[in-house]
Structures are given as C-alpha cells and as structure tokens.
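For reference, my_file08.pdb (PDB, C-alpha atoms):
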ATOM      1  CA  MET D   1       0.000   0.000   0.000  1.00  0.00           C
ATOM      2  CA  LYS D   2       2.783   2.415   0.941  1.00  0.00           C
ATOM      3  CA  LYS D   3       4.612   1.719  -2.338  1.00  0.00           C
ATOM      4  CA  THR D   4       1.392   2.340  -4.275  1.00  0.00           C
ATOM      5  CA  VAL D   5       0.865   5.739  -2.614  1.00  0.00           C
ATOM      6  CA  ILE D   6       4.473   6.786  -3.305  1.00  0.00           C
ATOM      7  CA  LEU D   7       4.169   5.669  -6.929  1.00  0.00           C
ATOM      8  CA  LEU D   8       0.898   7.612  -7.318  1.00  0.00           C
ATOM      9  CA  LEU D   9       2.465  10.771  -5.868  1.00  0.00           C
ATOM     10  CA  LEU D  10       5.424  10.450  -8.247  1.00  0.00           C
ATOM     11  CA  VAL D  11       3.098  10.071 -11.232  1.00  0.00           C
ATOM     12  CA  LEU D  12       1.005  13.077 -10.212  1.00  0.00           C
ATOM     13  CA  SER D  13       4.046  15.290  -9.533  1.00  0.00           C
ATOM     14  CA  THR D  14       5.630  14.272 -12.843  1.00  0.00           C
ATOM     15  CA  LYS D  15       2.389  15.009 -14.664  1.00  0.00           C
ATOM     16  CA  GLY D  16       2.052  18.373 -12.903  1.00  0.00           C
ATOM     17  CA  TYR D  17       5.627  19.322 -13.748  1.00  0.00           C
ATOM     18  CA  SER D  18       5.187  18.297 -17.386  1.00  0.00           C
ATOM     19  CA  GLN D  19       2.055  20.448 -17.636  1.00  0.00           C
ATOM     20  CA  PHE D  20       3.892  23.383 -16.043  1.00  0.00           C
ATOM     21  CA  ALA D  21       6.859  22.951 -18.405  1.00  0.00           C
ATOM     22  CA  LYS D  22       4.540  22.741 -21.402  1.00  0.00           C
ATOM     23  CA  SER D  23       2.696  25.853 -20.263  1.00  0.00           C
ATOM     24  CA  MET D  24       5.899  27.839 -19.675  1.00  0.00           C
ATOM     25  CA  PHE D  25       8.644  26.576 -21.940  1.00  0.00           C
ATOM     26  CA  SER D  26       7.175  24.668 -24.862  1.00  0.00           C
ATOM     27  CA  LYS D  27       7.446  25.932 -28.420  1.00  0.00           C
ATOM     28  CA  ASP D  28       3.715  26.611 -28.587  1.00  0.00           C
ATOM     29  CA  PRO D  29       2.573  27.136 -24.976  1.00  0.00           C
ATOM     30  CA  ILE D  30      -0.958  27.684 -23.769  1.00  0.00           C
ATOM     31  CA  ILE D  31      -1.189  31.431 -23.099  1.00  0.00           C
ATOM     32  CA  ASN D  32      -2.263  32.025 -19.504  1.00  0.00           C
ATOM     33  CA  LEU D  33      -3.926  35.212 -18.209  1.00  0.00           C
ATOM     34  CA  GLU D  34      -3.514  36.852 -21.592  1.00  0.00           C
ATOM     35  CA  ASN D  35      -5.287  40.106 -20.674  1.00  0.00           C
ATOM     36  CA  TRP D  36      -4.308  40.323 -17.006  1.00  0.00           C
ATOM     37  CA  GLN D  37      -1.645  43.003 -17.323  1.00  0.00           C
ATOM     38  CA  LYS D  38      -3.872  45.147 -19.525  1.00  0.00           C
ATOM     39  CA  GLN D  39      -5.709  46.127 -16.346  1.00  0.00           C
ATOM     40  CA  ARG D  40      -5.165  49.709 -15.222  1.00  0.00           C
ATOM     41  CA  LEU D  41      -4.596  48.719 -11.592  1.00  0.00           C
ATOM     42  CA  TYR D  42      -4.034  45.402  -9.870  1.00  0.00           C
ATOM     43  CA  PHE D  43      -2.717  44.168  -6.539  1.00  0.00           C
ATOM     44  CA  GLY D  44      -0.638  41.408  -5.020  1.00  0.00           C
ATOM     45  CA  TYR D  45       1.530  40.434  -2.096  1.00  0.00           C
ATOM     46  CA  TYR D  46       5.100  39.264  -1.570  1.00  0.00           C
ATOM     47  CA  LEU D  47       7.233  37.189   0.757  1.00  0.00           C
ATOM     48  CA  GLY D  48      10.997  37.324   0.700  1.00  0.00           C
ATOM     49  CA  LEU D  49      14.451  37.332   2.219  1.00  0.00           C
ATOM     50  CA  ASN D  50      16.958  40.091   2.845  1.00  0.00           C
ATOM     51  CA  SER D  51      20.588  40.592   3.749  1.00  0.00           C
ATOM     52  CA  PHE D  52      21.363  44.042   5.183  1.00  0.00           C
ATOM     53  CA  ASP D  53      24.811  45.566   5.605  1.00  0.00           C
ATOM     54  CA  PHE D  54      26.239  48.931   6.691  1.00  0.00           C
ATOM     55  CA  LYS D  55      28.556  51.047   4.551  1.00  0.00           C
ATOM     56  CA  PHE D  56      30.853  53.150   6.727  1.00  0.00           C
ATOM     57  CA  ASP D  57      32.780  56.260   5.725  1.00  0.00           C
ATOM     58  CA  TYR D  58      35.428  57.336   8.200  1.00  0.00           C
ATOM     59  CA  LYS D  59      36.937  60.670   9.193  1.00  0.00           C
ATOM     60  CA  ASP D  60      40.324  59.019   9.666  1.00  0.00           C
ATOM     61  CA  VAL D  61      40.543  56.597   6.755  1.00  0.00           C
ATOM     62  CA  ALA D  62      43.522  54.845   8.319  1.00  0.00           C
ATOM     63  CA  ASN D  63      41.220  53.497  11.032  1.00  0.00           C
ATOM     64  CA  GLN D  64      38.535  51.675   9.076  1.00  0.00           C
ATOM     65  CA  ASP D  65      37.956  49.261  11.877  1.00  0.00           C
ATOM     66  CA  ILE D  66      34.306  48.235  12.282  1.00  0.00           C
ATOM     67  CA  GLN D  67      33.385  44.735  11.094  1.00  0.00           C
ATOM     68  CA  VAL D  68      29.791  43.907  10.196  1.00  0.00           C
ATOM     69  CA  LYS D  69      28.343  40.414  10.525  1.00  0.00           C
ATOM     70  CA  LYS D  70      25.226  40.038   8.363  1.00  0.00           C
ATOM     71  CA  THR D  71      22.317  37.675   8.857  1.00  0.00           C
ATOM     72  CA  THR D  72      19.371  36.669   6.668  1.00  0.00           C
ATOM     73  CA  GLY D  73      16.111  38.435   7.460  1.00  0.00           C
ATOM     74  CA  PHE D  74      12.625  38.220   6.005  1.00  0.00           C
ATOM     75  CA  ASN D  75      10.197  40.514   4.160  1.00  0.00           C
ATOM     76  CA  VAL D  76       6.428  40.537   3.794  1.00  0.00           C
ATOM     77  CA  GLY D  77       4.268  43.136   2.094  1.00  0.00           C
ATOM     78  CA  VAL D  78       1.676  44.098  -0.485  1.00  0.00           C
ATOM     79  CA  VAL D  79       1.907  45.450  -4.030  1.00  0.00           C
ATOM     80  CA  ALA D  80      -0.175  48.006  -5.913  1.00  0.00           C
ATOM     81  CA  ASP D  81       0.654  48.111  -9.630  1.00  0.00           C
ATOM     82  CA  LEU D  82      -0.518  50.989 -11.852  1.00  0.00           C
ATOM     83  CA  ARG D  83      -0.176  50.522 -15.624  1.00  0.00           C
ATOM     84  CA  LEU D  84       1.229  53.682 -17.223  1.00  0.00           C
ATOM     85  CA  GLN D  85       1.658  52.202 -20.685  1.00  0.00           C
ATOM     86  CA  GLU D  86       2.243  48.806 -22.261  1.00  0.00           C
ATOM     87  CA  TYR D  87       5.786  48.364 -20.972  1.00  0.00           C
ATOM     88  CA  ILE D  88       5.961  50.707 -17.964  1.00  0.00           C
ATOM     89  CA  ASN D  89       4.231  50.294 -14.596  1.00  0.00           C
ATOM     90  CA  LEU D  90       4.372  52.302 -11.382  1.00  0.00           C
ATOM     91  CA  ARG D  91       4.575  50.072  -8.317  1.00  0.00           C
ATOM     92  CA  PHE D  92       4.101  50.794  -4.634  1.00  0.00           C
ATOM     93  CA  GLU D  93       5.351  47.949  -2.432  1.00  0.00           C
ATOM     94  CA  PRO D  94       4.974  48.772   1.289  1.00  0.00           C
ATOM     95  CA  GLY D  95       6.193  46.025   3.552  1.00  0.00           C
ATOM     96  CA  LEU D  96       7.602  44.900   6.868  1.00  0.00           C
ATOM     97  CA  TYR D  97      11.305  43.975   6.860  1.00  0.00           C
ATOM     98  CA  TYR D  98      13.158  42.371   9.750  1.00  0.00           C
ATOM     99  CA  THR D  99      16.937  42.060   9.865  1.00  0.00           C
ATOM    100  CA  LYS D 100      19.879  41.868  12.272  1.00  0.00           C
ATOM    101  CA  ARG D 101      23.474  43.074  12.029  1.00  0.00           C
ATOM    102  CA  ASP D 102      26.307  42.657  14.535  1.00  0.00           C
ATOM    103  CA  LEU D 103      28.986  45.351  14.722  1.00  0.00           C
ATOM    104  CA  TYR D 104      32.421  44.403  16.053  1.00  0.00           C
ATOM    105  CA  TYR D 105      34.726  47.143  17.353  1.00  0.00           C
ATOM    106  CA  PRO D 106      38.456  46.484  17.844  1.00  0.00           C
ATOM    107  CA  ASN D 107      40.576  47.592  20.782  1.00  0.00           C
ATOM    108  CA  PHE D 108      38.053  46.400  23.357  1.00  0.00           C
ATOM    109  CA  THR D 109      38.355  43.317  25.540  1.00  0.00           C
ATOM    110  CA  SER D 110      34.857  43.178  26.988  1.00  0.00           C
ATOM    111  CA  LYS D 111      31.961  41.844  24.913  1.00  0.00           C
ATOM    112  CA  THR D 112      29.712  44.602  26.262  1.00  0.00           C
ATOM    113  CA  ASP D 113      32.087  47.094  24.602  1.00  0.00           C
ATOM    114  CA  TYR D 114      33.234  45.446  21.340  1.00  0.00           C
ATOM    115  CA  LEU D 115      29.826  44.055  20.241  1.00  0.00           C
ATOM    116  CA  ARG D 116      26.761  46.028  19.215  1.00  0.00           C
ATOM    117  CA  GLU D 117      23.718  44.070  18.061  1.00  0.00           C
ATOM    118  CA  VAL D 118      21.588  46.119  15.685  1.00  0.00           C
ATOM    119  CA  ASN D 119      18.135  44.567  15.408  1.00  0.00           C
ATOM    120  CA  SER D 120      16.003  46.426  12.895  1.00  0.00           C
ATOM    121  CA  THR D 121      12.301  46.236  12.169  1.00  0.00           C
ATOM    122  CA  TYR D 122      11.597  48.369   9.115  1.00  0.00           C
ATOM    123  CA  ILE D 123       8.378  49.595   7.568  1.00  0.00           C
ATOM    124  CA  HIS D 124       9.563  50.000   3.994  1.00  0.00           C
ATOM    125  CA  PHE D 125       7.918  52.302   1.419  1.00  0.00           C
ATOM    126  CA  PRO D 126       9.388  51.822  -2.082  1.00  0.00           C
ATOM    127  CA  LEU D 127       7.972  53.640  -5.114  1.00  0.00           C
ATOM    128  CA  LEU D 128       9.311  51.935  -8.228  1.00  0.00           C
ATOM    129  CA  LEU D 129       9.100  51.971 -11.993  1.00  0.00           C
ATOM    130  CA  LYS D 130       8.856  48.580 -13.663  1.00  0.00           C
ATOM    131  CA  PHE D 131      10.129  48.305 -17.253  1.00  0.00           C
ATOM    132  CA  SER D 132       8.855  45.098 -18.861  1.00  0.00           C
ATOM    133  CA  SER D 133      10.081  43.424 -22.025  1.00  0.00           C
ATOM    134  CA  LEU D 134       7.917  41.814 -24.680  1.00  0.00           C
ATOM    135  CA  ARG D 135       6.044  38.805 -23.352  1.00  0.00           C
ATOM    136  CA  THR D 136       7.324  35.486 -24.690  1.00  0.00           C
ATOM    137  CA  GLY D 137       4.707  32.827 -24.134  1.00  0.00           C
ATOM    138  CA  ASN D 138       4.087  32.899 -20.387  1.00  0.00           C
ATOM    139  CA  ILE D 139       7.350  34.606 -19.436  1.00  0.00           C
ATOM    140  CA  ARG D 140       8.081  38.337 -19.232  1.00  0.00           C
ATOM    141  CA  PRO D 141      11.398  39.640 -17.794  1.00  0.00           C
ATOM    142  CA  TYR D 142      11.566  43.127 -16.347  1.00  0.00           C
ATOM    143  CA  LEU D 143      13.814  45.755 -14.780  1.00  0.00           C
ATOM    144  CA  VAL D 144      12.751  47.725 -11.729  1.00  0.00           C
ATOM    145  CA  GLY D 145      14.150  50.794 -10.024  1.00  0.00           C
ATOM    146  CA  GLY D 146      13.183  53.767  -7.901  1.00  0.00           C
ATOM    147  CA  MET D 147      13.337  55.397  -4.498  1.00  0.00           C
ATOM    148  CA  SER D 148      12.293  54.279  -1.040  1.00  0.00           C
ATOM    149  CA  THR D 149      11.894  55.622   2.456  1.00  0.00           C
ATOM    150  CA  THR D 150      12.079  53.481   5.570  1.00  0.00           C
ATOM    151  CA  LEU D 151      10.789  53.853   9.110  1.00  0.00           C
ATOM    152  CA  ASN D 152      12.912  51.974  11.642  1.00  0.00           C
ATOM    153  CA  LEU D 153      10.742  50.892  14.570  1.00  0.00           C
ATOM    154  CA  SER D 154      13.840  49.736  16.505  1.00  0.00           C
ATOM    155  CA  SER D 155      15.930  52.881  16.084  1.00  0.00           C
ATOM    156  CA  ASN D 156      16.306  53.955  19.780  1.00  0.00           C
ATOM    157  CA  ALA D 157      16.349  57.507  18.371  1.00  0.00           C
ATOM    158  CA  LYS D 158      14.558  58.971  21.385  1.00  0.00           C
ATOM    159  CA  SER D 159      16.824  57.329  23.962  1.00  0.00           C
ATOM    160  CA  GLN D 160      19.082  59.615  25.990  1.00  0.00           C
ATOM    161  CA  ASP D 161      21.485  56.736  26.609  1.00  0.00           C
ATOM    162  CA  ASP D 162      24.264  56.047  24.106  1.00  0.00           C
ATOM    163  CA  ASN D 163      27.022  53.484  23.595  1.00  0.00           C
ATOM    164  CA  SER D 164      28.545  54.211  26.975  1.00  0.00           C
ATOM    165  CA  GLU D 165      25.361  52.574  28.306  1.00  0.00           C
ATOM    166  CA  GLN D 166      25.395  49.861  25.577  1.00  0.00           C
ATOM    167  CA  LYS D 167      22.726  51.680  23.532  1.00  0.00           C
ATOM    168  CA  PHE D 168      23.391  51.928  19.778  1.00  0.00           C
ATOM    169  CA  ARG D 169      21.146  54.546  18.163  1.00  0.00           C
ATOM    170  CA  VAL D 170      20.107  55.169  14.577  1.00  0.00           C
ATOM    171  CA  LYS D 171      17.666  57.610  12.983  1.00  0.00           C
ATOM    172  CA  GLN D 172      14.040  56.657  12.517  1.00  0.00           C
ATOM    173  CA  TRP D 173      13.719  57.692   8.861  1.00  0.00           C
ATOM    174  CA  THR D 174      16.153  56.954   6.044  1.00  0.00           C
ATOM    175  CA  ALA D 175      16.066  57.111   2.242  1.00  0.00           C
ATOM    176  CA  ALA D 176      17.550  54.878  -0.456  1.00  0.00           C
ATOM    177  CA  TYR D 177      17.469  54.052  -4.129  1.00  0.00           C
ATOM    178  CA  GLU D 178      16.781  50.566  -5.471  1.00  0.00           C
ATOM    179  CA  MET D 179      17.537  48.673  -8.693  1.00  0.00           C
ATOM    180  CA  GLY D 180      16.828  45.099  -9.702  1.00  0.00           C
ATOM    181  CA  VAL D 181      15.556  42.485 -12.130  1.00  0.00           C
ATOM    182  CA  GLY D 182      12.751  39.964 -12.137  1.00  0.00           C
ATOM    183  CA  ILE D 183      10.601  37.660 -14.238  1.00  0.00           C
ATOM    184  CA  ASP D 184       6.822  37.366 -14.482  1.00  0.00           C
ATOM    185  CA  PHE D 185       5.662  33.752 -14.856  1.00  0.00           C
ATOM    186  CA  PHE D 186       2.031  33.556 -15.983  1.00  0.00           C
ATOM    187  CA  THR D 187       0.413  30.446 -14.552  1.00  0.00           C
ATOM    188  CA  GLU D 188      -3.144  29.343 -15.104  1.00  0.00           C
ATOM    189  CA  TYR D 189      -4.499  31.145 -12.032  1.00  0.00           C
ATOM    190  CA  PHE D 190      -1.950  33.793 -10.968  1.00  0.00           C
ATOM    191  CA  ILE D 191       1.309  35.556 -11.842  1.00  0.00           C
ATOM    192  CA  PHE D 192       4.417  34.467  -9.945  1.00  0.00           C
ATOM    193  CA  SER D 193       7.190  37.091  -9.978  1.00  0.00           C
ATOM    194  CA  PRO D 194      10.540  36.323  -8.333  1.00  0.00           C
ATOM    195  CA  SER D 195      12.890  39.297  -8.241  1.00  0.00           C
ATOM    196  CA  ILE D 196      16.224  40.372  -6.803  1.00  0.00           C
ATOM    197  CA  ARG D 197      17.338  43.935  -6.242  1.00  0.00           C
ATOM    198  CA  GLY D 198      19.850  46.030  -4.403  1.00  0.00           C
ATOM    199  CA  MET D 199      18.998  48.800  -1.976  1.00  0.00           C
ATOM    200  CA  PHE D 200      21.553  51.586  -1.437  1.00  0.00           C
ATOM    201  CA  GLY D 201      21.112  54.093   1.390  1.00  0.00           C
ATOM    202  CA  ILE D 202      21.663  57.764   0.575  1.00  0.00           C
ATOM    203  CA  THR D 203      21.210  59.288   4.040  1.00  0.00           C
ATOM    204  CA  ASP D 204      23.411  58.954   7.100  1.00  0.00           C
ATOM    205  CA  GLU D 205      21.428  57.096   9.754  1.00  0.00           C
ATOM    206  CA  LEU D 206      23.820  57.109  12.698  1.00  0.00           C
ATOM    207  CA  ILE D 207      23.042  59.103  15.846  1.00  0.00           C
ATOM    208  CA  ARG D 208      26.362  60.059  17.433  1.00  0.00           C
ATOM    209  CA  ASP D 209      27.177  59.525  21.068  1.00  0.00           C
ATOM    210  CA  ASN D 210      27.074  62.443  23.486  1.00  0.00           C
ATOM    211  CA  ASP D 211      30.882  62.421  23.652  1.00  0.00           C
ATOM    212  CA  PRO D 212      32.258  63.724  20.294  1.00  0.00           C
ATOM    213  CA  ASN D 213      35.375  61.574  20.833  1.00  0.00           C
ATOM    214  CA  SER D 214      33.393  58.415  21.467  1.00  0.00           C
ATOM    215  CA  PRO D 215      35.323  55.268  20.429  1.00  0.00           C
ATOM    216  CA  TRP D 216      32.102  53.906  18.923  1.00  0.00           C
ATOM    217  CA  THR D 217      30.951  56.859  16.803  1.00  0.00           C
ATOM    218  CA  GLY D 218      33.658  59.544  16.907  1.00  0.00           C
ATOM    219  CA  ASN D 219      35.496  58.371  13.768  1.00  0.00           C
ATOM    220  CA  ILE D 220      32.392  57.663  11.681  1.00  0.00           C
ATOM    221  CA  ASP D 221      31.661  60.254   9.008  1.00  0.00           C
ATOM    222  CA  SER D 222      28.564  58.445   7.720  1.00  0.00           C
ATOM    223  CA  MET D 223      26.808  55.112   8.102  1.00  0.00           C
ATOM    224  CA  LYS D 224      24.368  54.007   5.400  1.00  0.00           C
ATOM    225  CA  SER D 225      22.380  50.824   4.953  1.00  0.00           C
ATOM    226  CA  ARG D 226      22.655  48.683   1.866  1.00  0.00           C
ATOM    227  CA  ALA D 227      20.908  45.411   1.209  1.00  0.00           C
ATOM    228  CA  ILE D 228      20.102  42.586  -1.166  1.00  0.00           C
ATOM    229  CA  LEU D 229      16.361  41.921  -1.355  1.00  0.00           C
ATOM    230  CA  ILE D 230      14.822  38.752  -2.802  1.00  0.00           C
ATOM    231  CA  ASN D 231      11.052  38.841  -3.151  1.00  0.00           C
ATOM    232  CA  PHE D 232       8.529  36.262  -4.369  1.00  0.00           C
ATOM    233  CA  THR D 233       5.467  38.169  -5.535  1.00  0.00           C
ATOM    234  CA  PHE D 234       2.007  36.782  -6.312  1.00  0.00           C
ATOM    235  CA  HIS D 235      -0.631  38.677  -8.283  1.00  0.00           C
TER     236      HIS D 235
END
Represent the structure of the file as structure tokens.
Amino acid sequence: MKKTVILLLLVLSTKGYSQFAKSMFSKDPIINLENWQKQRLYFGYYLGLNSFDFKFDYKDVANQDIQVKKTTGFNVGVVADLRLQEYINLRFEPGLYYTKRDLYYPNFTSKTDYLREVNSTYIHFPLLLKFSSLRTGNIRPYLVGGMSTTLNLSSNAKSQDDNSEQKFRVKQWTAAYEMGVGIDFFTEYFIFSPSIRGMFGITDELIRDNDPNSPWTGNIDSMKSRAILINFTFH
C-alpha cells in the first residue's frame, strides 16, 4: 500500500511538472492570463528574504575598523501596480522587513564594549518603476528601479542613553534608491514574480554619542544601509 501511494504521488508530480513545463517553456505554450496586465490597476503580495549591511565612511581613513556580521532576514508586504503604458508600470510595495546586524569594534576586551547588536524592524515604502520586455509565451522579464523611504521601529532615536550605556542609536527615517531584475511567470491562475534587487542608502542614519570623541561613533563620518532583497510576488 505504501509503495502504491508513493508511486501515485510520483506520477502526479511528474504530470504536474510536465504540464507546467509545457505551459511555460514549450514551443507553442498555452497562453495564460492573456489580458491580465492590460488592467489599469491590480494588486498582489510578496514574501521574501533580505541581507542588510552597513557602509561606513570614516573621518580618519587609516582606522577603518568596524566589522559587520550580516544575517538573513525576512520581508512581507503588499503590491499596488498601476499601468502607465504597455511596458511601464508604477509600483508601490509597502512592507515589513526584519533584519539583524552585529557590529564588532576592535581595541576592546569586553563583549559589552566590542559588540553592538543592531536589530532592525523596518516599515519600507518603495515607489518603483517597472520596465517590462515583450512577453514570450508565459514569461516576461523586467527591470525595476526607484526610491524608497524606511521607518525603523527599533531605532532607539529617542533614547538619551548612548554606547557608553550599551545603547546603539540610529535615525528613525532613512532614504535609499533601489535597482533590480525579475521575471513574471504567468500560470493558469496567478502571476508568480521572483525578483532580486539592491537597496543603497543615501542618508546617514547614525546618531552620534554624546561624547564627540566616542570610540564607537567619533570616527564615523557616515553610516548608510545597503541590502540585497529577494522577493517572491504573487498577483
């Protein structure tokens, strides 16, 4: 009985994959959702992963000493897509992003001094232009780019304590530009759009310590976020 069930599952999965391959990659595929993207406005949602980093610029370039350990975070959000013309769409993709970065400072012996854990919960507001190519069967590659603003719910911006009390502070609002690529896959019932893009901060988000000669912030001229974002979007 167990062997029969396994065999049946293999047959069904093989059949499903063959139908998907025929729909997507065959020479004469069945065209799915042919008029979907002719709509003026449509919506969707996305799930994804992120990897955030910090880019530091230093006052004394000989002491570029802060090491950043990155981790993989997650994204979730919604999409509103406005069709401007056949190949250009305006997209608004607000979402919740969670990430974590560890900063390691040299010349300290105590962990409470050399390590700063930066946990960030972002509400992300990107406004993007999507430039699509000609549709080939059920596949349509695209480029995307634009600007974004971000609200950091974990910024500690209002705290009076600083690094001397183990409190690392960043600004609540930051701005960035984003660029990336993706592909629309038109299935029978929905559009699946995986994409990857880079986010590059353009505003300094560090709040300096009260002491201008602080060993944690005194030598930092600017600190800007940058990230790789991978989203899986469903329309």
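Between CA of Asp184 in chain D and CA of Tyr45 in chain D there is a distance of 13.8 Å.
If you count all atoms listed in the file and ignore residues fewer than 4 places along the chain from Arg83 in chain D, what sits within 10 Å of it is Gln37, Lys38, Gln39, Arg40, Leu41, Tyr42, Tyr87, Ile88, Asn89, Leu90, Arg91 and Lys130 of chain D.
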Can you write out the residues you just picked, keeping C-alpha atoms, as a compact mmCIF listing (two decimals), keeping the file's coordinate frame?
# COMPACT_ATOMS: atom_id res chain seq x y z
CA GLN D 37 -1.64 43.00 -17.32
CA LYS D 38 -3.87 45.15 -19.52
CA GLN D 39 -5.71 46.13 -16.35
CA ARG D 40 -5.16 49.71 -15.22
CA LEU D 41 -4.60 48.72 -11.59
CA TYR D 42 -4.03 45.40 -9.87
CA TYR D 87 5.79 48.36 -20.97
CA ILE D 88 5.96 50.71 -17.96
CA ASN D 89 4.23 50.29 -14.60
CA LEU D 90 4.37 52.30 -11.38
CA ARG D 91 4.58 50.07 -8.32
CA LYS D 130 8.86 48.58 -13.66
Of D:Ser120, D:Thr136, D:Asn231, D:Thr174, the one sitting nearest Leu153 in chain D when using only C-alpha atoms is D:Ser120
Item to complete: Check what the PyMOL selection byres ((chain D and resi 164-167) around 8) selects in the file above and give those residues as a list in words.
Response: Thr112, Asp113, Arg116, Asn156, Asp161, Asp162, Asn163, Phe168 and Arg169 of chain D
Near-Tyr104 in chain D list (7 Å; all atoms listed in the file; drop same-chain fewer than 2 positions) as number ranges by chain: D: 66-68, 102, 106, 114-116
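The shortest atom-to-atom distance to Leu33 in chain D, with all atoms listed in the file taken into account, belongs to D:Glu188 out of D:Glu117, D:Glu188, D:Glu178, D:Asp209.
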